[in-house]
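To be precise, the following lines are my_file_23.cif, and they hold mmCIF, C-alpha atoms.
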```cif
data_input
#
loop_
_atom_site.label_atom_id
_atom_site.label_comp_id
_atom_site.auth_asym_id
_atom_site.auth_seq_id
_atom_site.Cartn_x
_atom_site.Cartn_y
_atom_site.Cartn_z
CA MET A 1 29.23 1.89 38.56
CA GLU A 2 25.90 3.32 39.74
CA LYS A 3 23.05 0.87 40.40
CA LEU A 4 20.08 1.83 38.27
CA ARG A 5 16.60 2.38 39.70
CA ILE A 6 14.32 2.66 36.69
CA VAL A 7 10.88 4.11 36.11
CA PHE A 8 9.44 2.83 32.82
CA MET A 9 6.83 4.80 30.84
CA GLY A 10 4.89 3.27 27.96
CA THR A 11 1.49 2.14 26.74
CA PRO A 12 1.24 -0.24 23.71
CA GLU A 13 2.46 -3.76 22.98
CA PHE A 14 5.70 -2.39 21.50
CA ALA A 15 6.62 -1.00 24.93
CA VAL A 16 5.83 -4.32 26.64
CA GLY A 17 8.56 -6.10 24.70
CA ILE A 18 11.11 -3.52 25.85
CA LEU A 19 9.97 -3.60 29.49
CA ASP A 20 10.12 -7.40 29.55
CA THR A 21 13.69 -7.37 28.20
CA ILE A 22 14.75 -4.86 30.88
CA LEU A 23 13.40 -7.16 33.60
CA GLN A 24 14.90 -10.28 31.98
CA ASN A 25 18.28 -8.56 32.14
CA LYS A 26 17.86 -8.13 35.93
CA TYR A 27 17.54 -4.35 36.00
CA GLU A 28 15.47 -2.94 38.84
CA VAL A 29 12.20 -1.35 37.70
CA VAL A 30 10.81 0.59 40.67
CA GLY A 31 7.70 1.85 38.89
CA VAL A 32 5.70 1.79 35.67
CA ILE A 33 3.73 4.73 34.27
CA THR A 34 1.05 4.07 31.64
CA ALA A 35 -2.07 5.63 30.15
CA ALA A 36 -5.32 5.82 32.08
CA ASP A 37 -7.90 3.11 31.30
CA LYS A 38 -10.17 4.01 28.38
CA PRO A 39 -13.63 2.76 27.33
CA ALA A 40 -13.43 0.54 24.26
CA GLY A 41 -15.67 -1.60 22.08
CA ARG A 42 -19.44 -1.70 21.78
CA GLY A 43 -19.96 -2.14 25.51
CA GLN A 44 -17.57 0.74 26.27
CA LYS A 45 -15.92 -1.32 28.99
CA LEU A 46 -12.72 0.10 30.46
CA LYS A 47 -9.71 -1.34 28.64
CA TYR A 48 -6.26 -1.68 30.21
CA SER A 49 -3.19 -0.74 28.19
CA ALA A 50 -0.83 -3.57 27.21
CA VAL A 51 1.78 -2.14 29.60
CA LYS A 52 -0.71 -2.10 32.50
CA GLU A 53 -1.59 -5.76 31.86
CA TYR A 54 2.11 -6.65 31.96
CA ALA A 55 2.79 -4.56 35.07
CA LEU A 56 -0.07 -6.22 36.96
CA ASP A 57 1.03 -9.70 35.87
CA ASN A 58 4.55 -8.96 37.14
CA ASN A 59 3.60 -7.16 40.39
CA LEU A 60 5.21 -3.89 39.35
CA SER A 61 4.31 -0.61 41.05
CA LEU A 62 1.91 1.17 38.69
CA LEU A 63 0.81 4.78 38.21
CA GLN A 64 -1.80 6.02 35.67
CA PRO A 65 -1.85 9.81 35.77
CA THR A 66 -4.26 11.79 33.61
CA ASN A 67 -2.28 14.99 34.24
CA LEU A 68 1.52 14.67 34.31
CA LYS A 69 1.85 18.00 36.13
CA ASP A 70 -0.55 17.05 38.93
CA GLU A 71 1.09 17.53 42.33
CA SER A 72 -0.12 14.20 43.74
CA PHE A 73 1.36 12.34 40.75
CA LEU A 74 4.66 14.21 41.00
CA THR A 75 4.85 13.37 44.70
CA GLU A 76 4.24 9.66 43.97
CA LEU A 77 6.78 9.69 41.15
CA LYS A 78 9.43 11.33 43.32
CA ALA A 79 8.76 8.79 46.10
CA LEU A 80 9.80 5.96 43.75
CA ASN A 81 13.34 7.38 44.06
CA ALA A 82 14.35 6.47 40.53
CA ASN A 83 17.65 7.70 39.10
CA LEU A 84 16.69 6.95 35.47
CA GLN A 85 13.49 7.01 33.43
CA ILE A 86 12.86 5.17 30.14
CA VAL A 87 10.09 6.20 27.77
CA VAL A 88 8.77 3.96 24.97
CA ALA A 89 5.65 4.99 23.01
CA PHE A 90 4.10 7.07 25.76
CA ARG A 91 3.40 10.82 25.49
CA MET A 92 5.23 14.12 25.70
CA LEU A 93 6.59 14.71 29.21
CA PRO A 94 6.68 18.05 31.00
CA LYS A 95 10.13 19.26 32.06
CA VAL A 96 9.33 18.69 35.75
CA VAL A 97 9.01 14.96 34.96
CA TRP A 98 11.86 14.35 32.51
CA GLU A 99 14.44 16.26 34.53
CA MET A 100 13.53 14.54 37.82
CA PRO A 101 15.98 11.57 37.84
CA SER A 102 19.69 12.30 38.34
CA LEU A 103 20.73 10.23 35.30
CA GLY A 104 18.08 11.71 33.05
CA THR A 105 15.21 10.32 30.95
CA PHE A 106 15.80 8.56 27.66
CA ASN A 107 13.39 7.55 24.94
CA LEU A 108 13.47 4.68 22.46
CA HIS A 109 12.10 5.83 19.09
CA ALA A 110 11.37 3.44 16.23
CA SER A 111 13.26 5.30 13.50
CA LEU A 112 16.72 6.49 12.58
CA LEU A 113 16.47 10.00 13.99
CA PRO A 114 16.27 12.80 13.01
CA ASN A 115 14.07 11.22 10.31
CA TYR A 116 10.53 10.18 11.21
CA ARG A 117 10.07 12.11 14.40
CA GLY A 118 6.45 11.82 15.47
CA ALA A 119 3.61 9.44 16.18
CA ALA A 120 3.87 6.75 13.47
CA PRO A 121 7.50 6.17 12.41
CA ILE A 122 7.12 2.49 11.51
CA ASN A 123 4.17 3.17 9.22
CA TRP A 124 5.67 6.16 7.41
CA ALA A 125 9.01 4.48 6.70
CA ILE A 126 7.12 1.82 4.73
CA ILE A 127 4.58 4.23 3.19
CA ASN A 128 7.46 6.33 1.85
CA GLY A 129 9.16 3.29 0.35
CA GLU A 130 12.28 3.33 2.54
CA ASN A 131 14.60 0.33 2.23
CA LYS A 132 15.99 0.69 5.75
CA THR A 133 14.96 1.96 9.17
CA GLY A 134 15.95 1.30 12.76
CA VAL A 135 15.71 2.54 16.33
CA THR A 136 17.32 5.37 18.26
CA THR A 137 17.75 6.05 21.96
CA PHE A 138 18.04 9.68 22.99
CA PHE A 139 17.79 11.87 26.08
CA ILE A 140 14.49 13.72 26.20
CA ASP A 141 14.37 17.49 25.95
CA ASP A 142 11.51 19.98 25.69
CA LYS A 143 10.57 19.15 22.06
CA ILE A 144 9.30 15.97 20.40
CA ASP A 145 12.02 13.44 19.47
CA THR A 146 14.77 16.08 19.17
CA GLY A 147 17.08 15.23 22.10
CA ALA A 148 20.74 14.22 22.04
CA MET A 149 21.12 10.71 20.59
CA ILE A 150 22.79 7.89 22.51
CA LEU A 151 22.65 4.81 20.24
CA LYS A 152 21.24 3.86 16.84
CA ALA A 153 20.63 0.42 15.33
CA GLU A 154 19.72 -0.11 11.67
CA THR A 155 17.77 -2.81 9.82
CA PRO A 156 16.67 -3.29 6.19
CA ILE A 157 12.98 -3.18 5.22
CA ALA A 158 11.95 -6.08 2.98
CA GLN A 159 10.17 -5.30 -0.28
CA ASN A 160 6.80 -6.71 0.84
CA GLU A 161 7.16 -6.30 4.62
CA SER A 162 4.09 -5.00 6.46
CA ALA A 163 4.05 -2.52 9.33
CA GLY A 164 3.04 -5.35 11.67
CA GLU A 165 6.03 -7.47 10.67
CA LEU A 166 8.42 -4.54 10.94
CA HIS A 167 6.92 -3.57 14.32
CA ASP A 168 7.82 -6.99 15.74
CA ARG A 169 11.37 -6.87 14.41
CA LEU A 170 11.93 -3.34 15.70
CA MET A 171 10.63 -4.37 19.12
CA LEU A 172 13.45 -6.94 19.29
CA LEU A 173 16.03 -4.52 17.90
CA GLY A 174 14.78 -1.84 20.28
CA SER A 175 15.08 -4.20 23.24
CA GLU A 176 18.74 -4.89 22.42
CA THR A 177 19.42 -1.17 21.93
CA VAL A 178 17.83 -0.24 25.27
CA ILE A 179 19.95 -2.84 27.08
CA ASN A 180 23.08 -1.52 25.37
CA THR A 181 22.07 2.02 26.36
CA LEU A 182 21.54 0.95 29.98
CA ALA A 183 25.00 -0.62 30.05
CA LEU A 184 26.57 2.67 28.89
CA ILE A 185 24.64 4.72 31.46
CA GLU A 186 25.42 2.28 34.24
CA LYS A 187 29.16 2.53 33.52
CA GLY A 188 29.09 6.30 32.95
CA ASN A 189 30.28 5.84 29.36
CA VAL A 190 27.54 7.68 27.45
CA VAL A 191 28.63 9.88 24.54
CA THR A 192 25.74 11.69 22.86
CA THR A 193 25.31 13.13 19.38
CA VAL A 194 23.24 16.26 18.80
CA GLN A 195 20.57 15.86 16.10
CA GLN A 196 21.20 17.95 13.01
CA ASP A 197 18.10 19.43 11.39
CA ASP A 198 17.80 20.10 7.67
CA SER A 199 15.09 20.60 5.07
CA GLU A 200 15.24 16.96 3.97
CA ILE A 201 14.06 15.51 7.30
CA LYS A 202 10.95 13.32 6.91
CA THR A 203 8.15 13.41 9.49
CA ALA A 204 6.03 10.58 10.94
CA TYR A 205 2.69 12.37 10.91
CA LYS A 206 -0.19 11.16 13.03
CA LEU A 207 -2.39 8.73 11.11
CA ASN A 208 -5.95 9.80 10.38
CA LYS A 209 -8.85 8.78 8.16
CA GLU A 210 -7.72 11.02 5.31
CA ASN A 211 -4.10 9.82 5.04
CA CYS A 212 -5.20 6.17 5.30
CA LYS A 213 -7.52 6.39 2.26
CA ILE A 214 -6.27 4.89 -0.99
CA ASP A 215 -5.90 7.28 -3.93
CA TRP A 216 -6.22 4.98 -6.95
CA THR A 217 -4.68 7.61 -9.26
CA LYS A 218 -1.29 7.01 -7.61
CA PRO A 219 1.27 4.58 -9.14
CA ALA A 220 1.00 0.91 -8.17
CA ALA A 221 4.15 0.95 -6.01
CA GLU A 222 2.90 3.91 -3.92
CA ILE A 223 -0.47 2.25 -3.33
CA HIS A 224 1.25 -1.02 -2.42
CA ASN A 225 3.48 0.80 0.08
CA LEU A 226 0.47 2.51 1.66
CA ILE A 227 -1.38 -0.79 2.05
CA ARG A 228 1.52 -2.63 3.66
CA GLY A 229 2.52 0.43 5.69
CA LEU A 230 -0.89 0.48 7.36
CA SER A 231 -1.34 -3.28 7.79
CA PRO A 232 -2.64 -4.66 10.07
CA TYR A 233 -3.55 -1.41 11.82
CA PRO A 234 -5.23 0.97 11.17
CA ALA A 235 -5.47 -0.43 7.58
CA THR A 236 -6.08 1.40 4.32
CA TRP A 237 -9.61 1.96 3.13
CA CYS A 238 -11.59 2.95 0.08
CA TYR A 239 -15.07 2.69 -1.40
CA ILE A 240 -16.13 -0.08 -3.74
CA SER A 241 -19.33 0.51 -5.68
CA ASP A 242 -21.33 -1.75 -7.94
CA LYS A 243 -24.88 -1.67 -9.33
CA GLY A 244 -25.96 1.24 -7.13
CA GLU A 245 -24.46 -0.18 -3.91
CA GLU A 246 -21.39 1.20 -2.14
CA TRP A 247 -19.20 -0.38 0.54
CA ASN A 248 -16.49 1.15 2.72
CA VAL A 249 -13.82 -1.57 2.70
CA LYS A 250 -10.45 -2.10 4.35
CA ILE A 251 -7.55 -3.56 2.37
CA TYR A 252 -4.77 -5.34 4.27
CA GLU A 253 -2.64 -7.08 1.67
CA ALA A 254 -2.05 -6.62 -2.05
CA ILE A 255 0.37 -7.29 -4.90
CA PRO A 256 1.36 -4.58 -7.41
CA ILE A 257 1.32 -5.66 -11.06
CA LEU A 258 3.01 -3.37 -13.59
CA GLU A 259 1.21 -3.72 -16.92
CA LEU A 260 0.00 -1.48 -19.74
CA HIS A 261 -3.78 -1.32 -20.16
CA ALA A 262 -6.52 1.03 -21.36
CA LEU A 263 -8.97 0.50 -18.49
CA PRO A 264 -10.32 3.39 -16.41
CA ILE A 265 -8.58 3.93 -13.07
CA GLY A 266 -10.41 2.12 -10.29
CA GLN A 267 -12.00 -0.51 -12.54
CA LEU A 268 -12.50 -3.84 -10.73
CA LEU A 269 -11.57 -7.04 -12.54
CA CYS A 270 -12.74 -10.22 -10.82
CA SER A 271 -12.41 -13.91 -11.53
CA LYS A 272 -13.56 -16.70 -9.22
CA LYS A 273 -10.48 -16.30 -7.06
CA GLU A 274 -8.84 -12.97 -7.94
CA MET A 275 -9.69 -9.29 -7.64
CA LYS A 276 -7.62 -6.65 -9.41
CA ILE A 277 -8.07 -2.88 -9.44
CA ALA A 278 -6.78 -0.85 -12.37
CA VAL A 279 -4.30 1.94 -11.66
CA ALA A 280 -2.38 4.22 -14.06
CA ASN A 281 0.60 1.91 -14.56
CA GLY A 282 -0.91 -1.51 -13.91
CA PHE A 283 -3.06 -3.22 -11.30
CA ILE A 284 -3.31 -3.77 -7.58
CA GLN A 285 -4.21 -7.39 -6.91
CA ILE A 286 -6.13 -7.56 -3.61
CA GLU A 287 -5.08 -10.47 -1.40
CA SER A 288 -6.83 -9.65 1.90
CA ILE A 289 -9.88 -7.43 2.42
CA GLN A 290 -12.67 -6.65 4.87
CA PHE A 291 -16.21 -5.61 3.95
CA PRO A 292 -18.48 -3.83 6.47
CA GLY A 293 -19.91 -6.20 9.08
CA LYS A 294 -17.67 -9.04 7.94
CA LYS A 295 -14.37 -10.41 9.15
CA LYS A 296 -11.09 -9.83 7.39
CA MET A 297 -10.73 -12.52 4.73
CA LYS A 298 -8.67 -13.66 1.79
CA THR A 299 -10.00 -12.43 -1.54
CA ALA A 300 -10.74 -15.96 -2.81
CA GLU A 301 -12.88 -16.54 0.29
CA LEU A 302 -14.77 -13.27 -0.26
CA LEU A 303 -15.43 -14.07 -3.92
CA ASN A 304 -17.08 -17.35 -2.92
CA GLY A 305 -19.93 -15.31 -1.45
CA ILE A 306 -20.15 -12.17 -3.57
CA GLN A 307 -20.08 -11.45 -7.30
CA PHE A 308 -19.25 -8.13 -8.93
CA SER A 309 -20.45 -6.86 -12.28
CA GLY A 310 -18.24 -5.40 -14.97
CA GLU A 311 -19.23 -1.94 -13.73
CA ALA A 312 -17.72 -2.35 -10.27
CA LYS A 313 -15.09 0.22 -9.32
CA ALA A 314 -12.92 1.37 -6.42
CA HIS A 315 -12.70 5.02 -5.46
#
```
If you convert what's in this file into structure tokens, what do you get?
Amino acid sequence: MEKLRIVFMGTPEFAVGILDTILQNKYEVVGVITAADKPAGRGQKLKYSAVKEYALDNNLSLLQPTNLKDESFLTELKALNANLQIVVAFRMLPKVVWEMPSLGTFNLHASLLPNYRGAAPINWAIINGENKTGVTTFFIDDKIDTGAMILKAETPIAQNESAGELHDRLMLLGSETVINTLALIEKGNVVTTVQQDDSEIKTAYKLNKENCKIDWTKPAAEIHNLIRGLSPYPATWCYISDKGEEWNVKIYEAIPILELHALPIGQLLCSKKEMKIAVANGFIQIESIQFPGKKKMKTAELLNGIQFSGEAKAH
């Protein structure tokens, strides 16, 4: 059995949960690599990544390279004398980095590979209406999320589950799967499976303003999946207009209602406590929304302070 000396690479909160589990299981983490600090917010103050915050709190050796091929970084990385690297939600590594440790570099990806390779696997599994997803560990190669798979773990997706809720569950499932992967590597018992490509593979495209906008001509179920698949971040958006005014709003939570009607698509129906938007096969009942310059709020709370006319519409 070879004692593991691990370098961990990651940036967001999802990676923190995995790193913490590795340490709780008494594995030696000799270094942490995370993104460089970036200006954020109105004051453009430098913001630390979630992984950096954790590394500092736990006195872990920390590197923040801007260029992963830079000679000074490669020298520092080599000096850590790791025999294994673990990557969780970081960035594509050059070959000189991923082939450095003797036991290789493995990645934890939040999907059942080969489906949902790419930047936003949790979001797209929900957006596409999947009823199950999971996590996969695999050895990194020179393409994105294509390497030989080590372990998979599966979990169902609940009918109304949001991306935020699924994120937290997959962080726990991913933590268990990483520990199980480490045990196999430590004992020299790893058996990998090569990913098989076919035309049916689904991709986890990078999220942008365009693919986060609600298209109200879509069926209620598709709109509902988009809303929950992007909640709480980055959130779906659309325009609401009424009496010559227009607002760019974010929608975080909704309920699909299947019902025949003759209303135009996008028509807003409001009572004192409810807001519904007409779609082709029913309505989307808005439960949580954010107007410009205001905080996210429940619809009933919003309707206490704003009234819409019968001409109001979403588009």
Inset, instruction - Report the distance between CA of Thr203 in chain A and CA of Gly17 in chain A in Å, rounded to one decimal place. - result: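 Between these atoms lies a distance of 24.7 Å.
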Within 6 Å of range 255-262 of chain A using only C-alpha atoms, minus same-chain residues under 4 positions, as a compact mmCIF listing (two decimals) with C-alpha atoms, in the frame of the given file:
```txt
# COMPACT_ATOMS: atom_id res chain seq x y z
CA ALA A 220 1.00 0.91 -8.17
CA ASN A 281 0.60 1.91 -14.56
CA GLY A 282 -0.91 -1.51 -13.91
CA PHE A 283 -3.06 -3.22 -11.30
CA ILE A 284 -3.31 -3.77 -7.58
CA GLN A 285 -4.21 -7.39 -6.91
```
Legend entry - Contacts of Asn25 in chain A within 12 Å, all atoms listed in the file, excl. fewer than 4 positions in-chain, as a ChimeraX atom specification: /A:18-21,29,175-176,178-180,182-183
Inset, instruction - Please write the residues picked by the PyMOL selection byres ((chain A and resi 159) around 10) on this file as number ranges by chain. - result: A: 126, 129-131, 156-158, 160-162, 225, 228
Inset, instruction - For the point (-25.9, 1.3, -6.5) in the file's frame, write as a list in words all residues with an atom no more than 12 Å away, counting only C-alpha atoms. - result: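 Residues found, by chain and rising number: Ile240, Ser241, Asp242, Lys243, Gly244, Glu245, Glu246, Trp247, Phe308, Ser309, Glu311, Ala312 and Lys313 of chain A.
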